[in-house]
Structure formats: structure tokens, C-alpha cells
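Colleague: My file is start.cif. It has mmCIF, C-alpha atoms:
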```
data_coords
#
loop_
_atom_site.label_atom_id
_atom_site.label_comp_id
_atom_site.auth_asym_id
_atom_site.auth_seq_id
_atom_site.Cartn_x
_atom_site.Cartn_y
_atom_site.Cartn_z
CA MET J 1 -12.29 18.83 14.55
CA LYS J 2 -15.21 16.60 13.66
CA HIS J 3 -17.45 14.92 16.22
CA ARG J 4 -16.36 11.28 16.31
CA ILE J 5 -19.06 8.63 16.45
CA VAL J 6 -17.78 5.09 16.95
CA VAL J 7 -20.08 2.08 16.54
CA LEU J 8 -18.90 -1.20 18.04
CA GLY J 9 -20.34 -4.18 16.18
CA ALA J 10 -21.93 -4.44 12.73
CA GLY J 11 -24.71 -6.89 13.43
CA TYR J 12 -28.39 -6.10 13.00
CA ALA J 13 -28.27 -3.28 15.58
CA GLY J 14 -24.86 -1.76 14.85
CA ALA J 15 -25.16 -1.76 11.06
CA HIS J 16 -28.66 -0.25 11.30
CA VAL J 17 -27.55 2.56 13.59
CA ALA J 18 -24.40 3.38 11.64
CA GLY J 19 -26.17 3.46 8.29
CA ASN J 20 -28.99 5.67 9.53
CA LEU J 21 -26.67 8.13 11.26
CA ALA J 22 -24.64 8.38 8.05
CA ARG J 23 -27.85 9.12 6.15
CA ARG J 24 -29.02 11.83 8.50
CA LEU J 25 -25.92 13.61 9.87
CA SER J 26 -23.76 15.96 7.85
CA PRO J 27 -20.21 14.70 7.18
CA THR J 28 -19.06 18.32 7.45
CA ASP J 29 -18.76 18.08 11.22
CA THR J 30 -19.23 14.36 12.03
CA GLU J 31 -17.33 11.19 11.22
CA ILE J 32 -18.60 7.66 11.80
CA THR J 33 -16.38 4.63 12.35
CA VAL J 34 -17.70 1.07 12.59
CA VAL J 35 -15.53 -1.54 14.33
CA ASN J 36 -16.26 -5.18 13.52
CA ALA J 37 -14.15 -8.32 13.81
CA GLU J 38 -15.54 -9.99 10.67
CA PRO J 39 -15.46 -8.50 7.15
CA ASP J 40 -18.98 -9.72 6.34
CA PHE J 41 -22.46 -8.91 7.57
CA VAL J 42 -23.65 -12.05 9.35
CA GLN J 43 -27.31 -13.01 9.16
CA ARG J 44 -27.25 -14.47 12.62
CA LEU J 45 -30.90 -15.46 12.49
CA ARG J 46 -30.09 -17.81 9.64
CA LEU J 47 -26.93 -19.46 10.97
CA HIS J 48 -28.83 -22.66 11.70
CA GLN J 49 -29.55 -22.82 7.96
CA LEU J 50 -25.87 -22.30 7.18
CA ALA J 51 -24.95 -25.11 9.58
CA ALA J 52 -27.52 -27.41 7.97
CA GLY J 53 -25.82 -26.97 4.59
CA GLN J 54 -27.63 -24.08 2.92
CA GLU J 55 -25.96 -21.09 1.29
CA ILE J 56 -26.66 -17.85 3.15
CA LYS J 57 -25.77 -14.44 1.79
CA ALA J 58 -23.05 -12.60 3.70
CA PRO J 59 -22.49 -9.17 2.09
CA LYS J 60 -19.07 -7.60 2.50
CA LEU J 61 -19.28 -4.73 4.97
CA ALA J 62 -16.93 -2.73 2.76
CA ASP J 63 -19.57 -2.97 0.03
CA VAL J 64 -22.44 -2.30 2.43
CA PHE J 65 -20.88 0.96 3.64
CA ALA J 66 -19.43 2.03 0.29
CA GLY J 67 -20.48 5.57 -0.55
CA THR J 68 -21.81 6.32 2.93
CA GLY J 69 -18.71 8.00 4.33
CA ILE J 70 -18.57 5.40 7.11
CA ARG J 71 -15.08 4.25 8.03
CA LEU J 72 -14.84 0.49 8.55
CA ARG J 73 -12.22 -0.84 10.96
CA LEU J 74 -11.86 -4.62 10.82
CA ALA J 75 -10.64 -5.40 14.30
CA ARG J 76 -11.63 -7.07 17.53
CA VAL J 77 -12.66 -4.83 20.41
CA THR J 78 -10.57 -5.66 23.47
CA ALA J 79 -11.49 -2.87 25.89
CA VAL J 80 -13.46 0.33 26.35
CA ASP J 81 -12.24 3.19 28.53
CA PRO J 82 -15.21 5.55 28.98
CA GLU J 83 -13.21 7.95 31.16
CA ARG J 84 -10.60 8.57 28.45
CA GLN J 85 -13.21 8.02 25.71
CA VAL J 86 -11.14 5.48 23.80
CA VAL J 87 -11.69 1.95 22.48
CA ALA J 88 -8.83 -0.55 22.34
CA VAL J 89 -8.80 -2.86 19.32
CA ALA J 90 -6.67 -5.72 18.05
CA ASP J 91 -6.08 -6.62 14.42
CA ALA J 92 -3.46 -8.17 12.15
CA ASP J 93 -1.32 -5.05 12.47
CA GLY J 94 -1.35 -5.12 16.25
CA GLY J 95 -4.31 -2.85 16.86
CA GLY J 96 -4.37 0.39 18.80
CA GLU J 97 -6.87 2.85 20.19
CA LEU J 98 -9.79 4.77 18.70
CA GLY J 99 -11.02 7.95 20.33
CA TYR J 100 -14.70 8.81 20.35
CA ASP J 101 -17.08 11.57 21.35
CA THR J 102 -20.21 9.42 21.05
CA LEU J 103 -20.07 5.63 21.37
CA LEU J 104 -22.71 3.12 20.27
CA TYR J 105 -22.03 -0.24 21.93
CA ALA J 106 -23.60 -3.09 19.94
CA LEU J 107 -21.29 -6.07 20.40
CA GLY J 108 -24.21 -8.48 20.71
CA SER J 109 -23.97 -11.84 22.43
CA HIS J 110 -22.36 -15.25 22.11
CA GLY J 111 -23.19 -18.79 23.13
CA ASP J 112 -23.22 -19.45 26.87
CA ASP J 113 -21.90 -22.80 28.08
CA ARG J 114 -23.44 -22.10 31.52
CA GLY J 115 -20.42 -23.64 33.17
CA VAL J 116 -21.26 -27.15 31.95
CA PRO J 117 -18.05 -29.20 31.67
CA GLY J 118 -17.01 -30.19 28.16
CA VAL J 119 -19.19 -27.75 26.21
CA ALA J 120 -16.31 -25.55 25.10
CA GLU J 121 -14.17 -28.54 24.11
CA HIS J 122 -16.70 -30.86 22.50
CA ALA J 123 -19.92 -29.05 21.55
CA PHE J 124 -20.81 -27.07 18.42
CA ASP J 125 -22.98 -23.97 18.27
CA VAL J 126 -24.68 -21.65 15.79
CA ALA J 127 -24.01 -18.38 17.63
CA ALA J 128 -21.42 -17.16 15.10
CA ARG J 129 -20.56 -17.82 11.46
CA PRO J 130 -17.23 -19.64 12.11
CA SER J 131 -18.82 -22.01 14.63
CA ALA J 132 -21.79 -22.64 12.33
CA LEU J 133 -19.39 -23.56 9.54
CA ARG J 134 -17.53 -25.95 11.85
CA LEU J 135 -20.81 -27.68 12.61
CA ARG J 136 -21.57 -27.84 8.90
CA GLU J 137 -18.25 -29.58 8.26
CA ARG J 138 -19.01 -32.08 11.01
CA LEU J 139 -22.46 -32.82 9.60
CA ASP J 140 -20.93 -33.25 6.14
CA SER J 141 -18.50 -35.82 7.53
CA LEU J 142 -21.33 -37.69 9.24
CA GLY J 143 -23.28 -37.74 5.99
CA ARG J 144 -20.33 -39.22 4.12
CA ARG J 145 -20.13 -42.06 6.66
CA GLY J 146 -23.58 -43.20 5.59
CA ASP J 147 -24.39 -44.88 8.91
CA GLY J 148 -26.99 -42.45 10.24
CA GLY J 149 -24.90 -40.31 12.55
CA ARG J 150 -26.49 -39.08 15.79
CA VAL J 151 -26.96 -35.35 16.40
CA LEU J 152 -28.00 -34.04 19.83
CA VAL J 153 -29.31 -30.48 20.08
CA VAL J 154 -29.22 -29.26 23.68
CA GLY J 155 -31.63 -26.42 24.46
CA ASP J 156 -35.33 -25.98 23.73
CA GLY J 157 -35.36 -22.24 23.15
CA LEU J 158 -36.04 -20.78 19.72
CA THR J 159 -32.48 -21.41 18.53
CA GLY J 160 -32.56 -25.05 19.60
CA ILE J 161 -35.92 -25.70 17.97
CA GLU J 162 -34.90 -24.03 14.71
CA THR J 163 -31.55 -25.82 14.63
CA ALA J 164 -32.99 -29.27 15.29
CA THR J 165 -35.77 -28.94 12.70
CA GLU J 166 -33.44 -27.44 10.08
CA ILE J 167 -30.87 -30.22 10.42
CA ALA J 168 -33.53 -32.92 10.43
CA GLU J 169 -35.15 -31.57 7.26
CA SER J 170 -31.93 -30.81 5.37
CA ARG J 171 -30.12 -34.01 6.37
CA PRO J 172 -32.72 -36.79 6.66
CA GLY J 173 -29.99 -39.42 6.88
CA LEU J 174 -29.00 -38.24 10.34
CA SER J 175 -30.72 -39.10 13.61
CA VAL J 176 -31.65 -35.87 15.45
CA ALA J 177 -32.68 -35.53 19.09
CA LEU J 178 -33.71 -32.35 20.93
CA ILE J 179 -33.03 -32.13 24.67
CA ALA J 180 -35.35 -29.83 26.65
CA ARG J 181 -34.94 -28.89 30.32
CA GLY J 182 -38.71 -28.57 30.68
CA GLU J 183 -41.71 -29.00 28.42
CA LEU J 184 -41.01 -28.48 24.73
CA GLY J 185 -42.41 -25.13 23.59
CA ALA J 186 -43.53 -24.14 27.08
CA GLN J 187 -43.55 -20.45 26.06
CA LEU J 188 -46.07 -21.14 23.27
CA SER J 189 -49.84 -21.45 23.30
CA ALA J 190 -51.39 -24.92 23.51
CA GLY J 191 -52.15 -24.96 19.80
CA ALA J 192 -48.64 -23.86 18.85
CA ARG J 193 -47.11 -26.49 21.15
CA SER J 194 -49.19 -29.15 19.42
CA HIS J 195 -48.06 -27.84 16.02
CA LEU J 196 -44.44 -27.98 17.15
CA ARG J 197 -44.75 -31.58 18.35
CA GLN J 198 -46.34 -32.60 15.07
CA ALA J 199 -43.46 -30.97 13.19
CA CYS J 200 -40.91 -32.87 15.28
CA ASP J 201 -42.76 -36.13 14.65
CA ARG J 202 -42.94 -35.41 10.92
CA LEU J 203 -39.20 -34.73 10.77
CA GLY J 204 -38.31 -37.74 12.90
CA ILE J 205 -36.87 -35.71 15.78
CA THR J 206 -36.66 -37.46 19.14
CA VAL J 207 -37.69 -35.05 21.90
CA LEU J 208 -36.32 -35.62 25.41
CA GLU J 209 -38.18 -33.38 27.85
CA HIS J 210 -37.37 -32.58 31.49
CA THR J 211 -33.75 -33.55 30.87
CA SER J 212 -30.76 -31.64 32.24
CA VAL J 213 -27.28 -32.02 30.76
CA GLU J 214 -24.44 -32.10 33.30
CA ALA J 215 -21.48 -32.73 30.99
CA VAL J 216 -20.57 -33.04 27.32
CA GLU J 217 -17.96 -35.52 26.14
CA ALA J 218 -16.56 -36.24 22.69
CA THR J 219 -19.04 -39.02 21.89
CA ARG J 220 -21.78 -38.66 24.46
CA VAL J 221 -23.79 -36.36 26.71
CA LEU J 222 -24.19 -37.07 30.43
CA CYS J 223 -27.57 -36.20 31.98
CA ALA J 224 -28.46 -35.36 35.57
CA ASP J 225 -30.42 -38.59 35.99
CA GLY J 226 -27.34 -40.64 35.14
CA THR J 227 -28.32 -41.33 31.54
CA ALA J 228 -25.55 -41.24 28.93
CA LEU J 229 -26.71 -40.33 25.41
CA ALA J 230 -24.47 -41.25 22.48
CA SER J 231 -23.71 -38.37 20.15
CA ASP J 232 -21.63 -37.85 17.03
CA ALA J 233 -22.28 -34.10 17.09
CA THR J 234 -23.60 -32.20 20.10
CA VAL J 235 -25.03 -28.77 19.33
CA TRP J 236 -25.22 -26.42 22.33
CA THR J 237 -28.04 -23.84 22.16
CA ALA J 238 -28.84 -23.55 25.85
CA GLY J 239 -28.44 -19.80 26.19
CA PHE J 240 -26.56 -16.66 25.25
CA ALA J 241 -24.25 -14.32 27.13
CA VAL J 242 -22.87 -10.86 26.41
CA SER J 243 -19.22 -9.87 26.18
CA PRO J 244 -17.53 -9.01 29.51
CA ILE J 245 -16.03 -5.86 27.94
CA ALA J 246 -18.80 -3.54 29.11
CA ALA J 247 -18.57 -4.74 32.71
CA ALA J 248 -14.78 -4.44 32.69
CA SER J 249 -14.98 -0.89 31.34
CA GLY J 250 -16.74 0.53 34.39
CA LEU J 251 -20.04 1.14 32.62
CA GLU J 252 -23.04 0.36 34.82
CA VAL J 253 -24.22 -3.12 33.88
CA THR J 254 -26.59 -5.78 35.13
CA GLU J 255 -25.44 -8.97 36.79
CA ASN J 256 -25.18 -10.66 33.39
CA GLY J 257 -23.16 -7.79 31.88
CA GLN J 258 -25.81 -5.93 29.86
CA ILE J 259 -25.46 -2.12 29.82
CA VAL J 260 -28.06 -0.31 31.92
CA VAL J 261 -29.65 2.53 29.95
CA ASP J 262 -32.43 5.07 30.25
CA GLY J 263 -35.41 5.15 27.91
CA THR J 264 -33.31 6.61 25.10
CA MET J 265 -30.69 3.81 25.18
CA ARG J 266 -28.19 6.13 26.85
CA SER J 267 -25.91 4.68 29.53
CA VAL J 268 -27.04 5.74 32.99
CA SER J 269 -23.42 6.00 34.11
CA HIS J 270 -21.72 7.53 31.05
CA PRO J 271 -23.94 9.87 29.03
CA ASN J 272 -21.94 9.82 25.80
CA VAL J 273 -22.31 6.03 25.55
CA TYR J 274 -25.36 4.37 23.99
CA ALA J 275 -26.17 0.69 23.62
CA ALA J 276 -28.44 -1.38 21.40
CA GLY J 277 -29.20 -5.01 20.61
CA ASP J 278 -28.34 -7.92 22.88
CA SER J 279 -25.79 -5.79 24.78
CA VAL J 280 -28.42 -3.50 26.31
CA TYR J 281 -30.69 -3.89 29.32
CA ALA J 282 -33.70 -1.96 28.08
CA ILE J 283 -37.11 -1.79 29.72
CA GLY J 284 -39.92 -2.18 27.22
CA ASP J 285 -43.21 -0.33 27.11
CA ASN J 286 -44.77 -3.12 29.20
CA GLY J 287 -42.32 -2.51 32.05
CA ARG J 288 -40.38 -5.72 31.37
CA PRO J 289 -36.81 -6.10 30.05
CA LEU J 290 -36.70 -6.65 26.31
CA PRO J 291 -35.42 -10.14 25.43
CA MET J 292 -32.39 -10.71 23.22
CA SER J 293 -33.82 -10.81 19.70
CA CYS J 294 -33.62 -9.25 16.25
CA ALA J 295 -36.83 -7.35 16.96
CA SER J 296 -35.33 -5.87 20.12
CA ALA J 297 -32.19 -4.95 18.16
CA GLY J 298 -34.35 -3.02 15.72
CA PHE J 299 -36.33 -1.13 18.35
CA THR J 300 -33.37 -0.31 20.62
CA GLY J 301 -31.24 0.63 17.62
CA GLN J 302 -33.90 3.01 16.30
CA GLN J 303 -34.28 4.65 19.70
CA ALA J 304 -30.50 5.10 19.92
CA ILE J 305 -30.55 6.77 16.49
CA GLU J 306 -33.27 9.19 17.54
CA ALA J 307 -31.48 10.01 20.80
CA ILE J 308 -28.07 10.59 19.21
CA MET J 309 -29.61 12.66 16.42
CA GLY J 310 -31.69 14.72 18.81
CA ARG J 311 -28.92 15.50 21.25
CA LEU J 312 -26.27 16.26 18.65
CA THR J 313 -28.49 18.49 16.53
CA GLY J 314 -30.40 20.16 19.36
CA ARG J 315 -33.77 18.76 18.31
CA LYS J 316 -36.49 17.00 20.26
CA ILE J 317 -35.82 13.30 20.72
CA ALA J 318 -38.47 11.11 19.13
CA ASN J 319 -39.71 8.17 21.16
CA THR J 320 -39.59 4.73 19.56
CA LYS J 321 -41.91 1.98 20.71
CA LEU J 322 -40.09 -0.66 22.74
CA VAL J 323 -42.18 -3.79 22.42
CA TYR J 324 -41.71 -7.49 21.92
CA PRO J 325 -44.54 -8.65 19.65
CA GLY J 326 -43.89 -12.37 19.89
CA ASN J 327 -41.98 -15.41 18.69
CA HIS J 328 -41.47 -16.35 15.06
CA ILE J 329 -40.02 -19.83 14.73
CA SER J 330 -38.92 -21.58 11.55
CA LEU J 331 -39.43 -25.35 11.44
CA GLY J 332 -37.39 -26.08 8.36
CA ARG J 333 -38.04 -24.31 5.07
CA ARG J 334 -41.71 -25.17 4.65
CA ASP J 335 -43.13 -24.84 8.15
CA GLY J 336 -43.13 -22.35 10.96
CA ILE J 337 -44.95 -20.82 13.91
CA LEU J 338 -45.90 -17.19 14.47
CA GLN J 339 -46.86 -16.76 18.13
CA LEU J 340 -47.90 -13.31 19.33
CA VAL J 341 -47.69 -12.37 23.01
CA ASP J 342 -49.70 -10.02 25.21
CA ASP J 343 -48.54 -7.10 27.37
CA GLU J 344 -47.51 -9.56 30.07
CA ALA J 345 -45.27 -11.40 27.56
CA GLN J 346 -47.60 -14.41 27.69
CA ALA J 347 -48.56 -16.29 24.54
CA LYS J 348 -51.92 -15.35 23.06
CA PRO J 349 -54.26 -18.30 22.42
CA LYS J 350 -54.18 -17.94 18.64
CA TYR J 351 -51.13 -18.63 16.51
CA LEU J 352 -50.25 -18.98 12.83
CA GLY J 353 -48.53 -22.16 11.69
CA GLY J 354 -47.46 -23.91 8.51
CA ARG J 355 -46.22 -22.62 5.17
CA LYS J 356 -47.72 -19.16 5.59
CA ALA J 357 -45.82 -18.61 8.84
CA ALA J 358 -42.64 -19.85 7.15
CA ARG J 359 -43.14 -17.44 4.23
CA ILE J 360 -43.74 -14.50 6.56
CA LYS J 361 -40.52 -15.15 8.45
CA ALA J 362 -38.56 -15.60 5.22
CA GLY J 363 -39.95 -12.26 4.06
CA ILE J 364 -38.95 -10.52 7.29
CA LEU J 365 -35.41 -11.88 7.04
CA LYS J 366 -35.17 -10.83 3.40
CA ILE J 367 -36.30 -7.30 4.22
CA SER J 368 -33.85 -7.09 7.15
CA LEU J 369 -30.96 -8.11 4.92
CA TRP J 370 -31.96 -5.69 2.17
CA ALA J 371 -32.34 -2.76 4.58
CA THR J 372 -28.95 -3.46 6.16
CA SER J 373 -27.26 -3.89 2.78
CA HIS J 374 -28.63 -0.58 1.43
CA PRO J 375 -27.96 2.01 4.15
CA THR J 376 -27.98 4.89 1.64
CA PHE J 377 -31.45 4.10 0.25
CA GLY J 378 -33.63 7.17 0.60
CA MET J 379 -30.63 9.33 1.44
CA PRO J 380 -32.00 12.78 2.33
CA LYS J 381 -30.70 15.67 0.27
CA ARG J 382 -30.32 17.80 3.39
CA LYS J 383 -28.34 16.36 6.27
CA ARG J 384 -28.43 17.70 9.80
CA ARG J 385 -25.58 19.76 11.21
CA LEU J 386 -24.52 19.70 14.84
CA ALA J 387 -26.08 22.16 17.23
CA ALA J 388 -22.69 23.67 18.11
CA ALA J 389 -19.45 24.20 16.23
CA PRO J 390 -17.46 20.94 16.35
CA ASN J 391 -14.32 22.22 18.01
CA ALA J 392 -12.35 20.63 20.80
CA SER J 393 -14.27 22.32 23.61
CA ALA J 394 -17.73 22.02 22.10
CA LYS J 395 -17.51 18.37 21.05
CA LYS J 396 -17.63 16.93 24.51
CA ALA J 397 -20.40 19.28 25.59
CA VAL J 398 -22.51 18.28 22.61
CA GLY J 399 -21.91 14.61 23.29
CA VAL J 400 -23.24 14.79 26.84
CA ALA J 401 -25.98 17.36 26.46
CA ALA J 402 -29.24 16.38 28.13
#
```
Represent the supplied structure as C-alpha cells.
Modeller:
Amino acid sequence: MKHRIVVLGAGYAGAHVAGNLARRLSPTDTEITVVNAEPDFVQRLRLHQLAAGQEIKAPKLADVFAGTGIRLRLARVTAVDPERQVVAVADADGGGELGYDTLLYALGSHGDDRGVPGVAEHAFDVAARPSALRLRERLDSLGRRGDGGRVLVVGDGLTGIETATEIAESRPGLSVALIARGELGAQLSAGARSHLRQACDRLGITVLEHTSVEAVEATRVLCADGTALASDATVWTAGFAVSPIAAASGLEVTENGQIVVDGTMRSVSHPNVYAAGDSVYAIGDNGRPLPMSCASAGFTGQQAIEAIMGRLTGRKIANTKLVYPGNHISLGRRDGILQLVDDEAQAKPKYLGGRKAARIKAGILKISLWATSHPTFGMPKRKRRLAAAPNASAKKAVGVAA
């Protein structure tokens, strides 16, 4: 029997890991299955653009994995049983179970309402393609009204800033406000904060700092100071949370549900389970947890690849750098901020802003999409075989070898 590798999630981390393992492992004694709920690859970093009305490429995963030998299962993961080494899934046919010998958990994250009343019922978000499209439809309807509809973006993190600036630039007929719990751009250097404020002024965005939202209603937002802000579309970007599946499975997780791993992205509680992307609690080279980001997905995914390859083929595991270089923020299509950080995760004094920063980010996103869409590029002629014969007794031993 072949060694079964199952990858949960086909976002930036999952698709990267699956494609690279398919490139480097021999199909003679391994099989790779990717489980994903959506049929398309979602450029999550560009969903604010999709919501604002722009067309964003979404390659079919069936096309992405064509010719790689990867099996694609379009289904929603409902549970993981690491003791039995099975994954429960649900699809149009009712679902079932998938057995695995090595599991890569990369289910990512979703929007977090933080327990604020009314968010789930009345707010929009850009955490997933369906929700971004719902927001787009709402903005379209406001534009057709022609009376300058009011859009409130709650959350001053990178997603909130990018969403507010993108909507304001793409839909100048709408009134856009950005609600920040603290100072806008507090994580940036002084120069970058000034650049951000100038961009908001240029785009006509009203910034409400030191404002906490206590409830969201259909046509307004209620603030902690008693203020009620009228809103025709409230966009919630005040945080992200991971799926509760890992915690429910018995894997060791943090308080917020991220999987605790060692330096090779291997679960500390179940050695044939690996994690990458937003789902993993990984300590970076600076001794701090890596933040949820595309960059972290790339680094943790690459380390998982090296660890799985090394352990299955009996070779030395290569170490991948685990760093967070900084924040790259788009401010519409023609402006941006590139803010590097130091080893203490603090913003460096210098930053890059303007069109050049916007072009650099656009280039990074383009490269990320291309690399994900072409997993067989540079396919080696010689693929690695497993270190032991893939029979029923050896498979499990190979999967948990130190």
C-alpha cells in the first residue's frame, strides 16, 4: 500500500505544500490528496479588491493540480481523529472518511466577530470569497441608489486599512469611514503613519480613532461611548480566528485553537500531523510567534515540506528561516506602504511609500499566484522514494520517525 499524505486546505500554505510534495516524492509509494471546500484557488490577500468591484483571478484547483498526480477532494472538513488517523468530510454526496499516514493541516482562518452582538447577522467581511462577493453586491446596490451610501469599516489592522482605501478609491460615490480602536497605523513608523493619514485624506476616508464598537445593527453601529453611527454597509475586519476542528480533535493547541508544533511544523502531540499557515502556532527565529500572514504561510509551509520529505525519505531535514520581515499594505491601486520590522517586531524608522510600494506588492501577489498555479514547474526528473517499503506495518513507522 502507498503512504497516504492528506493536505487539508488549498490556500497559500496548503496548495504550496501539496504541489511541492508532488514534485519531489515518487508516486510509486506515495499518494497525495488535497481536501478543499471550494473548487477555486482563492487569492485571499486580494479579496478586498474583489469586494470593491475588481476582477480577481481564481484558478480552478482541478486545473492547478492537473498532471501532478494529486487527488482533489472537494469537501468540507468536519472533524479530524488523530488516534484513528482519519479525516471526516462532508460534500454533496454525504461525505465520509479519509485515512491518512501523514496529515498536513492548513485550514487557515476566518473572520472573528469577537462576540460583538449583531456582527454575524448584519456585518460583511472579506475573509472568504463568498462573503467578499456579498459585500460587492451590497456596494453595487448602494452605487445604483446614487445618494452616497455610507460604508463603515470596523478594524484598523492591515485588512481594515486595505479594505477602506480600496472601496474609497474604486467607489468614490460612497462615503467611507474607518473605525480604529486605537491610533490609526500604530504598528507603523512615524513616517508611514503620516503617509497613511495623507492617503486617507486624499481618498476622503473619515478616520474615527480610539473608538470601540459594542454592537452592529442593520443600519447603524453602536459605540462604547454611546455614539450611534449610521451605516448602509458595515464591514467587519476586527480580527481572525482559526477553525475549532483542531482543538476538538485532541491535538495540542493554544488557547485560540492554533496547533502547537516544534521547529519543523510537526505537532508536539501527534507526530504524523503537521501544520502550516494561519492554523499553526509557530515560534519564529526571533523567539516570537509568527503572525497570521501570507509570508508566515510560505515559511511554515516550506518548513513542513522539508520535514515531511526528510522524515519520509530518511534524509536530513533542512531548516527554513522563520521570520516576519514586515508589513506590506496596499492603499488602493496606486499607493502603498512597505514597512520593515526589526528582530523585536517593531517598525524600523524607514519605510517605502507610494506607487513603488504598490508595484512591489502587486508583483509579490502576481508571483504567489503564478507559483501556486504551476506546481509542476521545474519538476525534477528523479523523485525521492520512501526510506522503507510502503507496506501496512512500515507506513506508520515511517510517518512517525524522528
Colleague: On this file, the PyMOL selection byres ((chain J and resi 16-24) around 6) gives some set of residues; write that set as a PyMOL selection string.
Modeller: chain J and resi 13-15+25+301+305+375+379+383
Colleague: Take every atom of region 313-321 of chain J listed in the file, pad by 5 Å on each side, and give me the axis-aligned box centre and edge lengths in Å, one decimal, as JSON.
Modeller:
```
{"center_x": -35.2, "center_y": 11.1, "center_z": 18.8, "size_x": 23.4, "size_y": 28.2, "size_z": 14.6}
```
Colleague: Wanna dump the region 10-97 of chain J-region 317-341 of chain J contacts at 10 Å for me, each residue with its shortest atom pair and the distance in Å to one decimal, counting only C-alpha atoms, ordered by chain and number, as a Markdown table?
Modeller:
```
| residue | atom | partner | partner_atom | distance |
| --- | --- | --- | --- | --- |
| J:Arg46 | CA | J:Ser330 | CA | 9.8 |
| J:His48 | CA | J:Gly332 | CA | 9.8 |
| J:Gln49 | CA | J:Gly332 | CA | 8.5 |
| J:Ala52 | CA | J:Gly332 | CA | 10.0 |
```
Colleague: When the PyMOL selection byres ((chain J and resi 283) around 10) is applied to the structure above, which residues does it catch, written out as a list in words?
Modeller: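 Taken over the shown coordinates, the PyMOL selection byres ((chain J and resi 283) around 10) returns Val260, Val261, Asp262, Gly263, Met265, Val280, Tyr281, Ala282, Gly284, Asp285, Asn286, Gly287, Arg288, Pro289, Leu290, Pro291, Thr300, Leu322 and Val323 of chain J.
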Colleague: Determine, counting only C-alpha atoms, which protein, DNA and RNA residues have an atom within 9 Å of an atom of Ile167 (chain J); residues of the same chain fewer than 2 positions away are not included. Present the result as number ranges by chain.
Modeller: J: 48-49, 51-53, 139, 151, 162-165, 169-172, 174, 176, 332
Colleague: Tell me, in Å to one decimal, how far CA of Lys350 (chain J) is from CA of Ala190 (chain J).
Modeller: 9.0 Å
Colleague: Determine the residue membership of the PyMOL selection byres ((chain J and resi 346) around 9) for the file above and supply it as a VMD selection string.
Modeller: chain J and resid 187 to 189 326 340 to 345 347 to 348
Colleague: Go ahead and compute the interatomic distance for CA of Thr237 (chain J) and CA of Thr78 (chain J), in Å to one decimal.
Modeller: 25.2 Å
Colleague: How many Å lie between CA of Gly67 (chain J) and CA of Pro27 (chain J), rounded to one decimal?
Modeller: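 Going from CA of Gly67 (chain J) over to CA of Pro27 (chain J) covers 12.0 Å.
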Colleague: Near region 152-156 of chain J, counting all atoms listed in the file, which residues have an atom at most 10 Å away, once you skip same-chain residues fewer than 3 positions from it, shown as an mmCIF file with C-alpha atoms, keeping the file's coordinate frame?
Modeller:
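Just written: around28.cif:
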```cif
data_model
loop_
_atom_site.group_PDB
_atom_site.id
_atom_site.type_symbol
_atom_site.label_atom_id
_atom_site.label_comp_id
_atom_site.auth_asym_id
_atom_site.auth_seq_id
_atom_site.Cartn_x
_atom_site.Cartn_y
_atom_site.Cartn_z
ATOM 1 C CA ALA J 123 -19.920 -29.050 21.550
ATOM 2 C CA PHE J 124 -20.810 -27.070 18.420
ATOM 3 C CA ASP J 125 -22.980 -23.970 18.270
ATOM 4 C CA THR J 159 -32.480 -21.410 18.530
ATOM 5 C CA GLY J 160 -32.560 -25.050 19.600
ATOM 6 C CA ILE J 161 -35.920 -25.700 17.970
ATOM 7 C CA GLU J 162 -34.900 -24.030 14.710
ATOM 8 C CA THR J 163 -31.550 -25.820 14.630
ATOM 9 C CA ALA J 164 -32.990 -29.270 15.290
ATOM 10 C CA THR J 165 -35.770 -28.940 12.700
ATOM 11 C CA ILE J 167 -30.870 -30.220 10.420
ATOM 12 C CA SER J 175 -30.720 -39.100 13.610
ATOM 13 C CA VAL J 176 -31.650 -35.870 15.450
ATOM 14 C CA ALA J 177 -32.680 -35.530 19.090
ATOM 15 C CA LEU J 178 -33.710 -32.350 20.930
ATOM 16 C CA ILE J 179 -33.030 -32.130 24.670
ATOM 17 C CA ALA J 180 -35.350 -29.830 26.650
ATOM 18 C CA ARG J 181 -34.940 -28.890 30.320
ATOM 19 C CA GLY J 182 -38.710 -28.570 30.680
ATOM 20 C CA GLU J 183 -41.710 -29.000 28.420
ATOM 21 C CA LEU J 184 -41.010 -28.480 24.730
ATOM 22 C CA GLY J 185 -42.410 -25.130 23.590
ATOM 23 C CA ALA J 186 -43.530 -24.140 27.080
ATOM 24 C CA ILE J 205 -36.870 -35.710 15.780
ATOM 25 C CA THR J 206 -36.660 -37.460 19.140
ATOM 26 C CA VAL J 207 -37.690 -35.050 21.900
ATOM 27 C CA LEU J 208 -36.320 -35.620 25.410
ATOM 28 C CA GLU J 209 -38.180 -33.380 27.850
ATOM 29 C CA THR J 211 -33.750 -33.550 30.870
ATOM 30 C CA SER J 212 -30.760 -31.640 32.240
ATOM 31 C CA VAL J 213 -27.280 -32.020 30.760
ATOM 32 C CA ARG J 220 -21.780 -38.660 24.460
ATOM 33 C CA VAL J 221 -23.790 -36.360 26.710
ATOM 34 C CA LEU J 229 -26.710 -40.330 25.410
ATOM 35 C CA ALA J 230 -24.470 -41.250 22.480
ATOM 36 C CA SER J 231 -23.710 -38.370 20.150
ATOM 37 C CA ASP J 232 -21.630 -37.850 17.030
ATOM 38 C CA ALA J 233 -22.280 -34.100 17.090
ATOM 39 C CA THR J 234 -23.600 -32.200 20.100
ATOM 40 C CA VAL J 235 -25.030 -28.770 19.330
ATOM 41 C CA TRP J 236 -25.220 -26.420 22.330
ATOM 42 C CA THR J 237 -28.040 -23.840 22.160
ATOM 43 C CA ALA J 238 -28.840 -23.550 25.850
ATOM 44 C CA GLY J 239 -28.440 -19.800 26.190
#
```
Colleague: Please provide as a PyMOL selection string all residues within 9 Å of Gly277 (chain J), with the sequence filter that same-chain residues fewer than 2 positions apart are discarded (counting all atoms listed in the file).
Modeller: chain J and resi 11-14+105-109+275+279-281+292-301
Colleague: Write out as a VMD selection string which residues come within 12 Å of Gly115 (chain J) when counting only C-alpha atoms, dropping same-chain ones fewer than 3 positions away.
Modeller: chain J and resid 111 to 112 118 to 120 213 to 216 238 to 239 241
Colleague: Would you list the residues near (-17.2, -13.8, 12.5), meaning any protein, DNA or RNA residue with an atom at most 10 Å from that point in file coordinates, counting all atoms listed in the file, as a PyMOL selection string?
Modeller: chain J and resi 36-42+127-132
Colleague: Determine, counting all atoms listed in the file, which protein, DNA and RNA residues have an atom within 9 Å of an atom of Pro82 (chain J); residues of the same chain fewer than 6 positions away are not included. Present the result as a PyMOL selection string.
Modeller: chain J and resi 249-251+270+272-273
Colleague: For His195 (chain J), which of J:Ala357, J:Arg315, J:Glu83, J:Arg136 is the closest residue, counting only C-alpha atoms?
Modeller: J:Ala357
Colleague: Between J:Arg384, J:Lys2, J:Lys361, J:Arg44, which is the closest to His110 (chain J) once you count all atoms listed in the file?
Modeller: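 Result for the nearest residue to His110 (chain J): J:Arg44.
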